[in-house]
>>> print(open('input_21.pdb').read())   # PDB, C-alpha atoms
MODEL        1
ATOM      1  CA  MET A 741     -36.810 -14.657  -5.943
ATOM      2  CA  PRO A 742     -33.743 -15.842  -3.995
ATOM      3  CA  ALA A 743     -33.134 -14.002  -0.717
ATOM      4  CA  ILE A 744     -29.582 -13.082  -1.692
ATOM      5  CA  SER A 745     -27.939  -9.663  -1.870
ATOM      6  CA  VAL A 746     -25.206  -9.058  -4.461
ATOM      7  CA  ILE A 747     -22.136  -6.839  -4.077
ATOM      8  CA  ILE A 748     -19.976  -5.848  -7.078
ATOM      9  CA  LEU A 749     -16.628  -4.091  -6.785
ATOM     10  CA  THR A 750     -15.899  -1.700  -9.648
ATOM     11  CA  LYS A 751     -13.465   0.753 -11.147
ATOM     12  CA  ASN A 752     -13.923   1.888 -14.768
ATOM     13  CA  GLU A 753     -16.158  -1.074 -15.563
ATOM     14  CA  GLY A 754     -18.525   0.706 -17.934
ATOM     15  CA  ARG A 755     -17.935  -1.876 -20.647
ATOM     16  CA  ASP A 756     -18.634  -5.025 -18.627
ATOM     17  CA  LEU A 757     -20.953  -3.884 -15.845
ATOM     18  CA  PRO A 758     -24.208  -3.720 -17.893
ATOM     19  CA  VAL A 759     -23.903  -7.416 -18.813
ATOM     20  CA  CYS A 760     -23.277  -8.340 -15.191
ATOM     21  CA  LEU A 761     -26.249  -6.286 -13.983
ATOM     22  CA  GLU A 762     -28.520  -7.725 -16.673
ATOM     23  CA  SER A 763     -27.788 -11.203 -15.318
ATOM     24  CA  LEU A 764     -28.924 -10.026 -11.855
ATOM     25  CA  ARG A 765     -32.514  -9.182 -12.721
ATOM     26  CA  TRP A 766     -33.512 -11.923 -10.290
ATOM     27  CA  CYS A 767     -31.994  -9.917  -7.388
ATOM     28  CA  ASN A 768     -33.808  -7.103  -5.556
ATOM     29  CA  ASP A 769     -30.743  -5.886  -3.641
ATOM     30  CA  VAL A 770     -27.692  -5.124  -5.787
ATOM     31  CA  HIS A 771     -24.843  -2.997  -4.419
ATOM     32  CA  VAL A 772     -21.968  -1.506  -6.398
ATOM     33  CA  VAL A 773     -18.884  -0.416  -4.452
ATOM     34  CA  ASP A 774     -16.885   1.880  -6.715
ATOM     35  CA  SER A 775     -13.304   2.987  -6.160
ATOM     36  CA  GLY A 776     -13.078   6.126  -8.272
ATOM     37  CA  SER A 777     -14.300   5.311 -11.764
ATOM     38  CA  GLU A 778     -13.653   7.913 -14.421
ATOM     39  CA  ASP A 779     -16.041   6.402 -16.958
ATOM     40  CA  ARG A 780     -19.823   5.820 -16.795
ATOM     41  CA  THR A 781     -19.674   2.991 -14.258
ATOM     42  CA  VAL A 782     -21.490   4.828 -11.465
ATOM     43  CA  GLU A 783     -24.094   6.265 -13.845
ATOM     44  CA  LEU A 784     -24.819   2.861 -15.363
ATOM     45  CA  ALA A 785     -25.074   1.211 -11.954
ATOM     46  CA  SER A 786     -27.476   3.851 -10.635
ATOM     47  CA  ARG A 787     -29.577   3.735 -13.786
ATOM     48  CA  ALA A 788     -29.932  -0.039 -13.406
ATOM     49  CA  GLY A 789     -31.238   0.385  -9.861
ATOM     50  CA  ALA A 790     -28.134  -0.655  -7.945
ATOM     51  CA  ARG A 791     -27.242   1.080  -4.702
ATOM     52  CA  VAL A 792     -23.861   2.750  -5.212
ATOM     53  CA  SER A 793     -21.221   3.352  -2.549
ATOM     54  CA  CYS A 794     -17.731   4.748  -3.019
ATOM     55  CA  ASN A 795     -14.558   3.795  -1.202
ATOM     56  CA  ALA A 796     -10.894   4.181  -2.107
ATOM     57  CA  PHE A 797      -9.387   0.855  -3.108
ATOM     58  CA  GLU A 798      -6.552  -0.574  -1.010
ATOM     59  CA  SER A 799      -6.870  -4.288  -1.737
ATOM     60  CA  PHE A 800      -9.544  -6.796  -2.684
ATOM     61  CA  GLY A 801      -9.806  -8.293   0.781
ATOM     62  CA  ARG A 802     -10.145  -4.906   2.477
ATOM     63  CA  GLN A 803     -12.642  -3.667  -0.117
ATOM     64  CA  ARG A 804     -14.871  -6.704   0.341
ATOM     65  CA  ASN A 805     -14.748  -6.288   4.118
ATOM     66  CA  TRP A 806     -15.564  -2.574   3.760
ATOM     67  CA  ALA A 807     -18.575  -3.548   1.658
ATOM     68  CA  LEU A 808     -19.754  -6.001   4.314
ATOM     69  CA  ASP A 809     -19.519  -3.267   6.948
ATOM     70  CA  HIS A 810     -21.079  -0.378   5.002
ATOM     71  CA  CYS A 811     -23.507  -1.621   2.329
ATOM     72  CA  HIS A 812     -26.244  -2.760   4.756
ATOM     73  CA  PRO A 813     -27.561  -5.632   2.611
ATOM     74  CA  LYS A 814     -31.217  -6.605   2.923
ATOM     75  CA  HIS A 815     -30.614 -10.328   3.013
ATOM     76  CA  ASP A 816     -28.643 -12.684   5.230
ATOM     77  CA  TRP A 817     -26.858 -14.239   2.265
ATOM     78  CA  ILE A 818     -24.437 -12.188   0.131
ATOM     79  CA  LEU A 819     -22.897 -13.026  -3.230
ATOM     80  CA  PHE A 820     -19.774 -11.168  -4.350
ATOM     81  CA  LEU A 821     -19.257 -10.751  -8.096
ATOM     82  CA  ASP A 822     -16.805  -8.851 -10.273
ATOM     83  CA  ALA A 823     -18.067  -6.681 -13.121
ATOM     84  CA  ASP A 824     -16.742  -9.125 -15.750
ATOM     85  CA  GLU A 825     -18.727 -11.985 -14.220
ATOM     86  CA  LYS A 826     -22.376 -12.922 -14.520
ATOM     87  CA  THR A 827     -24.815 -15.415 -13.119
ATOM     88  CA  THR A 828     -26.740 -18.016 -15.085
ATOM     89  CA  PRO A 829     -30.240 -19.372 -14.307
ATOM     90  CA  GLU A 830     -28.628 -22.671 -13.325
ATOM     91  CA  PHE A 831     -26.254 -20.945 -10.925
ATOM     92  CA  VAL A 832     -29.082 -18.985  -9.313
ATOM     93  CA  ILE A 833     -31.139 -22.166  -8.835
ATOM     94  CA  ALA A 834     -28.105 -23.899  -7.313
ATOM     95  CA  MET A 835     -27.554 -21.009  -4.889
ATOM     96  CA  GLU A 836     -31.188 -20.932  -3.852
ATOM     97  CA  SER A 837     -31.194 -24.671  -3.256
ATOM     98  CA  ALA A 838     -27.900 -24.597  -1.340
ATOM     99  CA  ILE A 839     -28.885 -21.856   1.094
ATOM    100  CA  SER A 840     -32.337 -23.361   1.643
ATOM    101  CA  ILE A 841     -30.844 -26.595   2.978
ATOM    102  CA  ALA A 842     -27.724 -25.157   4.630
ATOM    103  CA  ASP A 843     -27.610 -25.846   8.352
ATOM    104  CA  GLU A 844     -26.608 -23.152  10.840
ATOM    105  CA  GLU A 845     -22.991 -24.320  10.806
ATOM    106  CA  VAL A 846     -22.577 -23.278   7.165
ATOM    107  CA  ALA A 847     -21.047 -19.801   7.044
ATOM    108  CA  GLY A 848     -20.636 -19.692   3.272
ATOM    109  CA  PHE A 849     -19.738 -21.421   0.037
ATOM    110  CA  TYR A 850     -16.805 -21.712  -2.283
ATOM    111  CA  CYS A 851     -17.930 -21.019  -5.854
ATOM    112  CA  CYS A 852     -16.291 -21.764  -9.207
ATOM    113  CA  TRP A 853     -16.425 -20.115 -12.607
ATOM    114  CA  LYS A 854     -16.446 -20.948 -16.274
ATOM    115  CA  LEU A 855     -13.646 -18.910 -17.863
ATOM    116  CA  LEU A 856     -14.730 -17.647 -21.287
ATOM    117  CA  LEU A 857     -12.566 -16.395 -24.155
ATOM    118  CA  ASN A 858     -14.391 -15.414 -27.359
ATOM    119  CA  GLY A 859     -17.378 -17.305 -25.992
ATOM    120  CA  ARG A 860     -15.441 -20.564 -25.582
ATOM    121  CA  TRP A 861     -15.314 -22.229 -22.178
ATOM    122  CA  LEU A 862     -11.668 -22.897 -21.302
ATOM    123  CA  LYS A 863     -12.427 -25.839 -19.050
ATOM    124  CA  ARG A 864      -9.129 -27.634 -19.628
ATOM    125  CA  SER A 865      -6.844 -24.639 -20.101
ATOM    126  CA  ASP A 866      -8.013 -23.038 -16.846
ATOM    127  CA  ASN A 867      -7.918 -26.259 -14.795
ATOM    128  CA  PHE A 868     -11.646 -26.154 -13.972
ATOM    129  CA  PRO A 869     -12.891 -26.042 -11.253
ATOM    130  CA  LYS A 870     -11.057 -23.255  -9.444
ATOM    131  CA  TRP A 871     -12.641 -22.276  -6.142
ATOM    132  CA  GLN A 872     -13.119 -18.861  -4.587
ATOM    133  CA  PHE A 873     -15.025 -17.879  -1.475
ATOM    134  CA  ARG A 874     -17.892 -15.767  -2.871
ATOM    135  CA  LEU A 875     -21.204 -16.641  -1.149
ATOM    136  CA  LEU A 876     -21.499 -16.023   2.588
ATOM    137  CA  ARG A 877     -23.876 -15.631   5.450
ATOM    138  CA  HIS A 878     -23.775 -12.026   6.654
ATOM    139  CA  GLY A 879     -21.847 -11.582   9.882
ATOM    140  CA  ARG A 880     -20.251 -15.018   9.747
ATOM    141  CA  ALA A 881     -17.205 -14.478   7.529
ATOM    142  CA  ARG A 882     -14.473 -12.023   6.577
ATOM    143  CA  PHE A 883     -11.930 -11.811   3.784
ATOM    144  CA  THR A 884      -8.161 -11.545   3.878
ATOM    145  CA  ASP A 885      -5.745 -10.518   1.135
ATOM    146  CA  PHE A 886      -3.758 -13.166  -0.695
ATOM    147  CA  GLY A 887      -1.638 -12.552  -3.777
ATOM    148  CA  HIS A 888      -3.424 -10.223  -6.157
ATOM    149  CA  GLY A 889      -6.809 -11.252  -4.829
ATOM    150  CA  GLN A 890      -8.373 -12.433  -1.615
ATOM    151  CA  LYS A 891      -9.454 -15.557   0.213
ATOM    152  CA  GLU A 892     -11.553 -16.404   3.233
ATOM    153  CA  GLY A 893     -10.321 -14.941   6.489
ATOM    154  CA  GLN A 894     -12.068 -15.308   9.825
ATOM    155  CA  ILE A 895     -14.917 -17.823   9.512
ATOM    156  CA  ASP A 896     -17.600 -18.509  12.097
ATOM    157  CA  GLY A 897     -18.658 -22.005  11.086
ATOM    158  CA  ARG A 898     -17.708 -24.139   8.096
ATOM    159  CA  LEU A 899     -17.593 -23.587   4.343
ATOM    160  CA  ALA A 900     -19.297 -25.776   1.748
ATOM    161  CA  TYR A 901     -19.005 -25.997  -2.043
ATOM    162  CA  LEU A 902     -21.417 -24.783  -4.725
ATOM    163  CA  ARG A 903     -20.532 -26.811  -7.802
ATOM    164  CA  GLU A 904     -22.661 -25.047 -10.431
ATOM    165  CA  PRO A 905     -20.413 -22.358 -11.988
ATOM    166  CA  TYR A 906     -21.021 -18.728 -12.805
ATOM    167  CA  LEU A 907     -19.465 -17.126 -15.917
ATOM    168  CA  HIS A 908     -16.212 -15.173 -15.998
ATOM    169  CA  ALA A 909     -15.108 -13.229 -19.121
ATOM    170  CA  PRO A 910     -12.089 -11.052 -18.209
ATOM    171  CA  PHE A 911     -10.684 -10.441 -21.699
ATOM    172  CA  GLY A 912     -13.183  -7.949 -23.080
ATOM    173  CA  ARG A 913     -10.814  -4.962 -22.934
ATOM    174  CA  GLY A 914      -8.097  -6.701 -24.935
ATOM    175  CA  TRP A 915      -4.798  -8.356 -24.142
ATOM    176  CA  GLU A 916      -2.946  -5.072 -23.599
ATOM    177  CA  HIS A 917      -5.237  -4.217 -20.699
ATOM    178  CA  TRP A 918      -5.000  -7.791 -19.365
ATOM    179  CA  GLU A 919      -1.196  -7.677 -19.415
ATOM    180  CA  GLU A 920      -1.121  -4.258 -17.755
ATOM    181  CA  LYS A 921      -3.149  -5.605 -14.835
ATOM    182  CA  HIS A 922      -1.185  -8.822 -14.582
ATOM    183  CA  ARG A 923       2.167  -7.037 -14.460
ATOM    184  CA  LYS A 924       0.909  -5.442 -11.258
ATOM    185  CA  TYR A 925      -0.517  -8.743 -10.043
ATOM    186  CA  ALA A 926       2.798 -10.562 -10.623
ATOM    187  CA  ARG A 927       4.609  -8.813  -7.770
ATOM    188  CA  GLN A 928       1.690  -9.356  -5.395
ATOM    189  CA  GLU A 929       1.662 -13.035  -6.316
ATOM    190  CA  ALA A 930       5.422 -13.260  -5.815
ATOM    191  CA  VAL A 931       5.183 -11.770  -2.325
ATOM    192  CA  ALA A 932       2.328 -14.123  -1.375
ATOM    193  CA  ARG A 933       4.029 -17.245  -2.700
ATOM    194  CA  LEU A 934       7.332 -16.480  -0.987
ATOM    195  CA  SER A 935       5.716 -15.560   2.329
ATOM    196  CA  LEU A 936       3.547 -18.692   2.540
ATOM    197  CA  GLU A 937       4.941 -21.282   4.916
ATOM    198  CA  LEU A 938       5.271 -24.597   3.069
ATOM    199  CA  ARG A 939       3.461 -27.301   5.044
ATOM    200  CA  LEU A 940       2.884 -30.841   3.811
ATOM    201  CA  ARG A 941      -0.615 -30.983   5.258
ATOM    202  CA  ASP A 942      -1.632 -27.958   3.182
ATOM    203  CA  ILE A 943      -0.260 -29.435  -0.055
ATOM    204  CA  PHE A 944      -2.444 -32.517   0.481
ATOM    205  CA  SER A 945      -5.424 -30.698   1.982
ATOM    206  CA  PRO A 946      -8.876 -31.642   0.636
ATOM    207  CA  HIS A 947      -9.737 -27.931   0.597
ATOM    208  CA  ALA A 948      -8.646 -26.176  -2.589
ATOM    209  CA  SER A 949      -8.297 -22.818  -0.825
ATOM    210  CA  ARG A 950      -5.453 -24.302   1.227
ATOM    211  CA  ARG A 951      -4.088 -26.793  -1.286
ATOM    212  CA  ASN A 952      -3.780 -24.545  -4.353
ATOM    213  CA  PRO A 953      -1.792 -21.697  -2.710
ATOM    214  CA  ALA A 954       0.529 -24.264  -1.104
ATOM    215  CA  ILE A 955       1.138 -26.017  -4.415
ATOM    216  CA  LYS A 956       1.697 -22.674  -6.188
ATOM    217  CA  SER A 957       4.194 -21.634  -3.545
ATOM    218  CA  LEU A 958       6.097 -24.895  -4.016
ATOM    219  CA  VAL A 959       6.162 -25.198  -7.800
ATOM    220  CA  SER A 960       6.871 -21.482  -8.337
ATOM    221  CA  ARG A 961      10.352 -22.129  -6.956
ATOM    222  CA  TRP A 962      11.113 -24.575  -9.783
ATOM    223  CA  ALA A 963      13.314 -23.016 -12.480
ATOM    224  CA  LEU A 964      11.200 -24.345 -15.357
ATOM    225  CA  TRP A 965       7.796 -23.910 -13.748
ATOM    226  CA  PRO A 966       6.326 -21.563 -16.431
ATOM    227  CA  GLU A 967       7.179 -24.095 -19.141
ATOM    228  CA  ILE A 968       5.926 -27.004 -17.021
ATOM    229  CA  ARG A 969       2.638 -25.212 -16.471
ATOM    230  CA  PHE A 970       2.215 -24.698 -20.197
ATOM    231  CA  VAL A 971       2.900 -28.354 -20.963
ATOM    232  CA  TYR A 972       0.574 -29.483 -18.192
ATOM    233  CA  THR A 973      -2.411 -27.323 -19.139
ATOM    234  CA  TYR A 974      -2.054 -27.347 -22.912
ATOM    235  CA  LEU A 975      -0.918 -30.928 -23.494
ATOM    236  CA  LEU A 976      -1.635 -33.062 -20.428
ATOM    237  CA  ARG A 977      -4.906 -31.361 -19.435
ATOM    238  CA  GLY A 978      -5.973 -31.114 -23.068
ATOM    239  CA  GLY A 979      -6.022 -27.373 -23.596
ATOM    240  CA  PHE A 980      -5.278 -28.049 -27.258
ATOM    241  CA  PHE A 981      -8.854 -29.341 -27.594
ATOM    242  CA  GLU A 982     -10.007 -25.749 -26.983
ATOM    243  CA  GLY A 983      -8.601 -24.447 -30.253
ATOM    244  CA  ALA A 984      -6.958 -21.075 -30.762
ATOM    245  CA  GLU A 985      -8.454 -19.765 -27.522
ATOM    246  CA  GLY A 986      -6.912 -22.586 -25.501
ATOM    247  CA  LEU A 987      -3.484 -22.001 -27.036
ATOM    248  CA  GLU A 988      -3.656 -18.242 -26.515
ATOM    249  CA  TYR A 989      -4.704 -18.536 -22.884
ATOM    250  CA  CYS A 990      -2.046 -21.145 -22.057
ATOM    251  CA  ARG A 991       0.595 -18.936 -23.684
ATOM    252  CA  ARG A 992      -0.571 -15.904 -21.717
ATOM    253  CA  MET A 993      -0.491 -17.813 -18.443
ATOM    254  CA  ARG A 994       3.037 -19.007 -19.220
ATOM    255  CA  TRP A 995       3.952 -15.329 -19.690
ATOM    256  CA  PHE A 996       2.338 -14.453 -16.355
ATOM    257  CA  GLU A 997       4.188 -17.213 -14.514
ATOM    258  CA  ARG A 998       7.444 -15.931 -16.004
ATOM    259  CA  GLU A 999       6.596 -12.473 -14.638
ATOM    260  CA  VAL A1000       5.899 -13.966 -11.209
ATOM    261  CA  ALA A1001       9.176 -15.925 -11.329
ATOM    262  CA  SER A1002      11.085 -12.767 -12.219
ATOM    263  CA  GLU A1003       9.520 -10.876  -9.325
ATOM    264  CA  MET A1004      10.264 -13.748  -6.938
ATOM    265  CA  SER A1005      13.890 -13.760  -8.041
ATOM    266  CA  ALA A1006      14.160  -9.999  -7.535
ATOM    267  CA  LEU A1007      12.647 -10.224  -4.062
ATOM    268  CA  LEU A1008      15.000 -13.036  -3.035
ATOM    269  CA  THR A1009      18.012 -11.123  -4.360
ATOM    270  CA  SER A1010      16.944  -8.014  -2.457
ATOM    271  CA  LYS A1011      16.425 -10.033   0.709
ATOM    272  CA  ARG A1012      19.906 -11.580   0.459
ATOM    273  CA  SER A1013      21.543  -8.205  -0.171
ATOM    274  CA  ASP A1014      19.768  -6.718   2.847
ATOM    275  CA  SER A1015      20.769  -9.560   5.187
ATOM    276  CA  PRO A1016      23.276  -8.639   7.971
ATOM    277  CA  GLY A1017      25.979 -10.914   6.516
ATOM    278  CA  ASN A1018      26.128  -8.786   3.360
ATOM    279  CA  VAL A1019      26.478  -5.444   5.058
TER     280      VAL A1019
ENDMDL
END
>>> encode(input="input_21.pdb", output="structure tokens")
Amino acid sequence: MPAISVIILTKNEGRDLPVCLESLRWCNDVHVVDSGSEDRTVELASRAGARVSCNAFESFGRQRNWALDHCHPKHDWILFLDADEKTTPEFVIAMESAISIADEEVAGFYCCWKLLLNGRWLKRSDNFPKWQFRLLRHGRARFTDFGHGQKEGQIDGRLAYLREPYLHAPFGRGWEHWEEKHRKYARQEAVARLSLELRLRDIFSPHASRRNPAIKSLVSRWALWPEIRFVYTYLLRGGFFEGAEGLEYCRRMRWFEREVASEMSALLTSKRSDSPGNV
């Protein structure tokens, strides 16, 4: 059994959480940090043997840091998952192997996911692999907010890459729910992309956590970026090979990028109107 604790952030995840927890039967230390669920999330987590904590949600970065400070995990290594994600046997083996050979300088690992829609892996449409900081050595790393999510913050050591993916299926509650969330995310993304200082070294960085935000911040300023993204992922990356699911996802991401562009435009207009020269 891998010596890894797992922390899951939840709010009203009664539909997806049981599948996630079922995939964690290999783990003897599962924590659920709930932020005010009104469904059966807490009941289901407790019934499955997870240790449940509650904390009001402010942001993903702050919630993950709260969990690091208050959950008291048994093991030195901690994996963060969302309720609509699950591990595979191959991913667990890869984690166990990675931490067993990691030297003391390794503070954690970037992980990647397989995005699933109707059971189909959207490898091309989602530009696989996308990297997120998810596996860390306790006491050696913190998170910071970025856009609608989070990224690595203060790191004591270096980060490595775990190339075996876990599974991510965020569409189970339907497109209406997905759009509702992403309308909120669009403004957060707009703020992050506009506030990021554009530096050439970041755009060409070998580390995806630096490179991808820098590239997003740059291309988001292009007038036709949502259409360019659609053409790139669906045609040039081959999203059309992924059937109806590939087309639907590429269309939805074009919609999201239009929402982000609209929010960016509104923020820039507000900033110009508030400048001293316009008073």
>>> atom_distance(input="input_21.pdb", atom1="atom CA of A:Trp871", atom2="atom CA of A:Arg804")
17.0 Å
>>> closest_residue(input="input_21.pdb", among="A:Phe996, A:Glu904, A:Cys851, A:Gly979", to="A:Glu920", atoms="only C-alpha atoms")
A:Phe996
>>> resolve_selection(input="input_21.pdb", expression="the PyMOL selection byres ((chain A and resi 753-765) around 12)", output="PyMOL selection string")
chain A and resi 741-742+744-752+766-791+819-832+906-914
>>> atom_distance(input="input_21.pdb", atom1="atom CA of A:Arg977", atom2="atom CA of A:Arg864")
5.6 Å
>>> residues_around(input="input_21.pdb", residues="A:Trp806", least_positions_apart="5", cutoff="10 Å", atoms="all atoms listed in the file", output="PyMOL selection string")
chain A and resi 773+795+797+800-801+811+882-883
>>> closest_residue(input="input_21.pdb", among="A:Leu856, A:Ala948, A:Arg802, A:Glu937", to="A:Gln872", atoms="all atoms listed in the file")
A:Ala948
>>> atom_distance(input="input_21.pdb", atom1="atom CA of A:Gln803", atom2="atom CA of A:Gln928")
16.3 Å
>>> closest_residue(input="input_21.pdb", among="A:Ile968, A:Ala926, A:Leu862, A:Cys794", to="A:Gly889", atoms="only C-alpha atoms")
A:Ala926
>>> resolve_selection(input="input_21.pdb", expression="the PyMOL selection byres ((chain A and resi 861) around 12)", output="VMD selection string")
chain A and resid 853 to 860 862 to 869 905 to 909 979 981 to 983 985 to 986 989
>>> axis_aligned_box(input="input_21.pdb", around="stretch 922-928 of chain A", padding_each_side="5 Å", output="AutoDock Vina command-line options")
--center_x 1.7 --center_y -8.0 --center_z -10.0 --size_x 15.8 --size_y 15.1 --size_z 19.2
>>> closest_residue(input="input_21.pdb", among="A:Arg898, A:Arg880, A:His947, A:Lys924", to="A:Glu1003", atoms="all atoms listed in the file")
A:Lys924
>>> closest_residue(input="input_21.pdb", among="A:Val959, A:Met1004, A:Ala847, A:Ile895", to="A:Leu938", atoms="only C-alpha atoms")
A:Val959
>>> residues_around(input="input_21.pdb", residues="A:Phe886", least_positions_apart="5", cutoff="8 Å", atoms="all atoms listed in the file", output="number ranges by chain")
A: 801, 891, 929, 932
>>> closest_residue(input="input_21.pdb", among="A:Lys1011, A:Arg992, A:His917, A:Arg933", to="A:Asn952", atoms="all atoms listed in the file")
A:Arg933
>>> decode(input="input_21.pdb", residues="stretch 850-873 of chain A", atoms="N, CA and C atoms", output="PDB file, in the first residue's frame")
ATOM      1  N   TYR A 850       4.467  17.513 -10.610  1.00  0.00           N
ATOM      2  CA  TYR A 850       3.374  17.889 -11.489  1.00  0.00           C
ATOM      3  C   TYR A 850       2.721  16.598 -11.986  1.00  0.00           C
ATOM      4  N   CYS A 851       1.398  16.599 -12.034  1.00  0.00           N
ATOM      5  CA  CYS A 851       0.641  15.460 -12.550  1.00  0.00           C
ATOM      6  C   CYS A 851      -0.214  15.917 -13.730  1.00  0.00           C
ATOM      7  N   CYS A 852      -0.634  14.973 -14.555  1.00  0.00           N
ATOM      8  CA  CYS A 852      -1.508  15.291 -15.688  1.00  0.00           C
ATOM      9  C   CYS A 852      -2.726  14.370 -15.656  1.00  0.00           C
ATOM     10  N   TRP A 853      -3.747  14.755 -16.417  1.00  0.00           N
ATOM     11  CA  TRP A 853      -4.982  13.986 -16.410  1.00  0.00           C
ATOM     12  C   TRP A 853      -5.387  13.569 -17.814  1.00  0.00           C
ATOM     13  N   LYS A 854      -6.215  12.546 -17.861  1.00  0.00           N
ATOM     14  CA  LYS A 854      -6.952  12.204 -19.072  1.00  0.00           C
ATOM     15  C   LYS A 854      -8.350  12.794 -18.934  1.00  0.00           C
ATOM     16  N   LEU A 855      -8.707  13.739 -19.792  1.00  0.00           N
ATOM     17  CA  LEU A 855     -10.029  14.346 -19.758  1.00  0.00           C
ATOM     18  C   LEU A 855     -11.010  13.439 -20.484  1.00  0.00           C
ATOM     19  N   LEU A 856     -12.089  13.055 -19.798  1.00  0.00           N
ATOM     20  CA  LEU A 856     -13.061  12.123 -20.355  1.00  0.00           C
ATOM     21  C   LEU A 856     -14.414  12.796 -20.567  1.00  0.00           C
ATOM     22  N   LEU A 857     -14.993  12.569 -21.744  1.00  0.00           N
ATOM     23  CA  LEU A 857     -16.356  12.998 -22.044  1.00  0.00           C
ATOM     24  C   LEU A 857     -17.087  11.812 -22.645  1.00  0.00           C
ATOM     25  N   ASN A 858     -18.157  11.372 -21.977  1.00  0.00           N
ATOM     26  CA  ASN A 858     -18.892  10.169 -22.394  1.00  0.00           C
ATOM     27  C   ASN A 858     -17.970   8.968 -22.520  1.00  0.00           C
ATOM     28  N   GLY A 859     -16.961   8.910 -21.648  1.00  0.00           N
ATOM     29  CA  GLY A 859     -16.034   7.793 -21.650  1.00  0.00           C
ATOM     30  C   GLY A 859     -14.920   7.896 -22.670  1.00  0.00           C
ATOM     31  N   ARG A 860     -14.930   8.915 -23.514  1.00  0.00           N
ATOM     32  CA  ARG A 860     -13.892   9.072 -24.534  1.00  0.00           C
ATOM     33  C   ARG A 860     -12.788   9.992 -24.011  1.00  0.00           C
ATOM     34  N   TRP A 861     -11.548   9.567 -24.202  1.00  0.00           N
ATOM     35  CA  TRP A 861     -10.402  10.370 -23.817  1.00  0.00           C
ATOM     36  C   TRP A 861     -10.176  11.450 -24.871  1.00  0.00           C
ATOM     37  N   LEU A 862     -10.260  12.709 -24.453  1.00  0.00           N
ATOM     38  CA  LEU A 862     -10.068  13.837 -25.359  1.00  0.00           C
ATOM     39  C   LEU A 862      -8.599  14.266 -25.361  1.00  0.00           C
ATOM     40  N   LYS A 863      -7.763  13.375 -25.812  1.00  0.00           N
ATOM     41  CA  LYS A 863      -6.320  13.612 -25.809  1.00  0.00           C
ATOM     42  C   LYS A 863      -5.941  14.796 -26.681  1.00  0.00           C
ATOM     43  N   ARG A 864      -6.497  14.861 -27.869  1.00  0.00           N
ATOM     44  CA  ARG A 864      -6.149  15.926 -28.817  1.00  0.00           C
ATOM     45  C   ARG A 864      -6.904  17.221 -28.496  1.00  0.00           C
ATOM     46  N   SER A 865      -8.176  17.097 -28.216  1.00  0.00           N
ATOM     47  CA  SER A 865      -9.005  18.282 -27.977  1.00  0.00           C
ATOM     48  C   SER A 865      -8.581  19.040 -26.731  1.00  0.00           C
ATOM     49  N   ASP A 866      -8.007  18.346 -25.761  1.00  0.00           N
ATOM     50  CA  ASP A 866      -7.610  18.980 -24.500  1.00  0.00           C
ATOM     51  C   ASP A 866      -6.114  19.250 -24.433  1.00  0.00           C
ATOM     52  N   ASN A 867      -5.422  19.070 -25.570  1.00  0.00           N
ATOM     53  CA  ASN A 867      -3.982  19.367 -25.628  1.00  0.00           C
ATOM     54  C   ASN A 867      -3.187  18.617 -24.550  1.00  0.00           C
ATOM     55  N   PHE A 868      -3.449  17.319 -24.441  1.00  0.00           N
ATOM     56  CA  PHE A 868      -2.730  16.471 -23.476  1.00  0.00           C
ATOM     57  C   PHE A 868      -1.224  16.476 -23.798  1.00  0.00           C
ATOM     58  N   PRO A 869      -0.352  16.519 -22.745  1.00  0.00           N
ATOM     59  CA  PRO A 869      -0.665  16.590 -21.314  1.00  0.00           C
ATOM     60  C   PRO A 869      -0.736  18.029 -20.813  1.00  0.00           C
ATOM     61  N   LYS A 870      -1.651  18.265 -19.879  1.00  0.00           N
ATOM     62  CA  LYS A 870      -1.700  19.513 -19.125  1.00  0.00           C
ATOM     63  C   LYS A 870      -1.238  19.197 -17.704  1.00  0.00           C
ATOM     64  N   TRP A 871      -0.396  20.053 -17.153  1.00  0.00           N
ATOM     65  CA  TRP A 871       0.240  19.751 -15.877  1.00  0.00           C
ATOM     66  C   TRP A 871      -0.314  20.608 -14.748  1.00  0.00           C
ATOM     67  N   GLN A 872      -0.564  19.955 -13.629  1.00  0.00           N
ATOM     68  CA  GLN A 872      -0.938  20.646 -12.395  1.00  0.00           C
ATOM     69  C   GLN A 872      -0.124  20.072 -11.252  1.00  0.00           C
ATOM     70  N   PHE A 873       0.207  20.940 -10.303  1.00  0.00           N
ATOM     71  CA  PHE A 873       0.932  20.518  -9.114  1.00  0.00           C
ATOM     72  C   PHE A 873      -0.047  19.845  -8.162  1.00  0.00           C
TER      73      PHE A 873
END
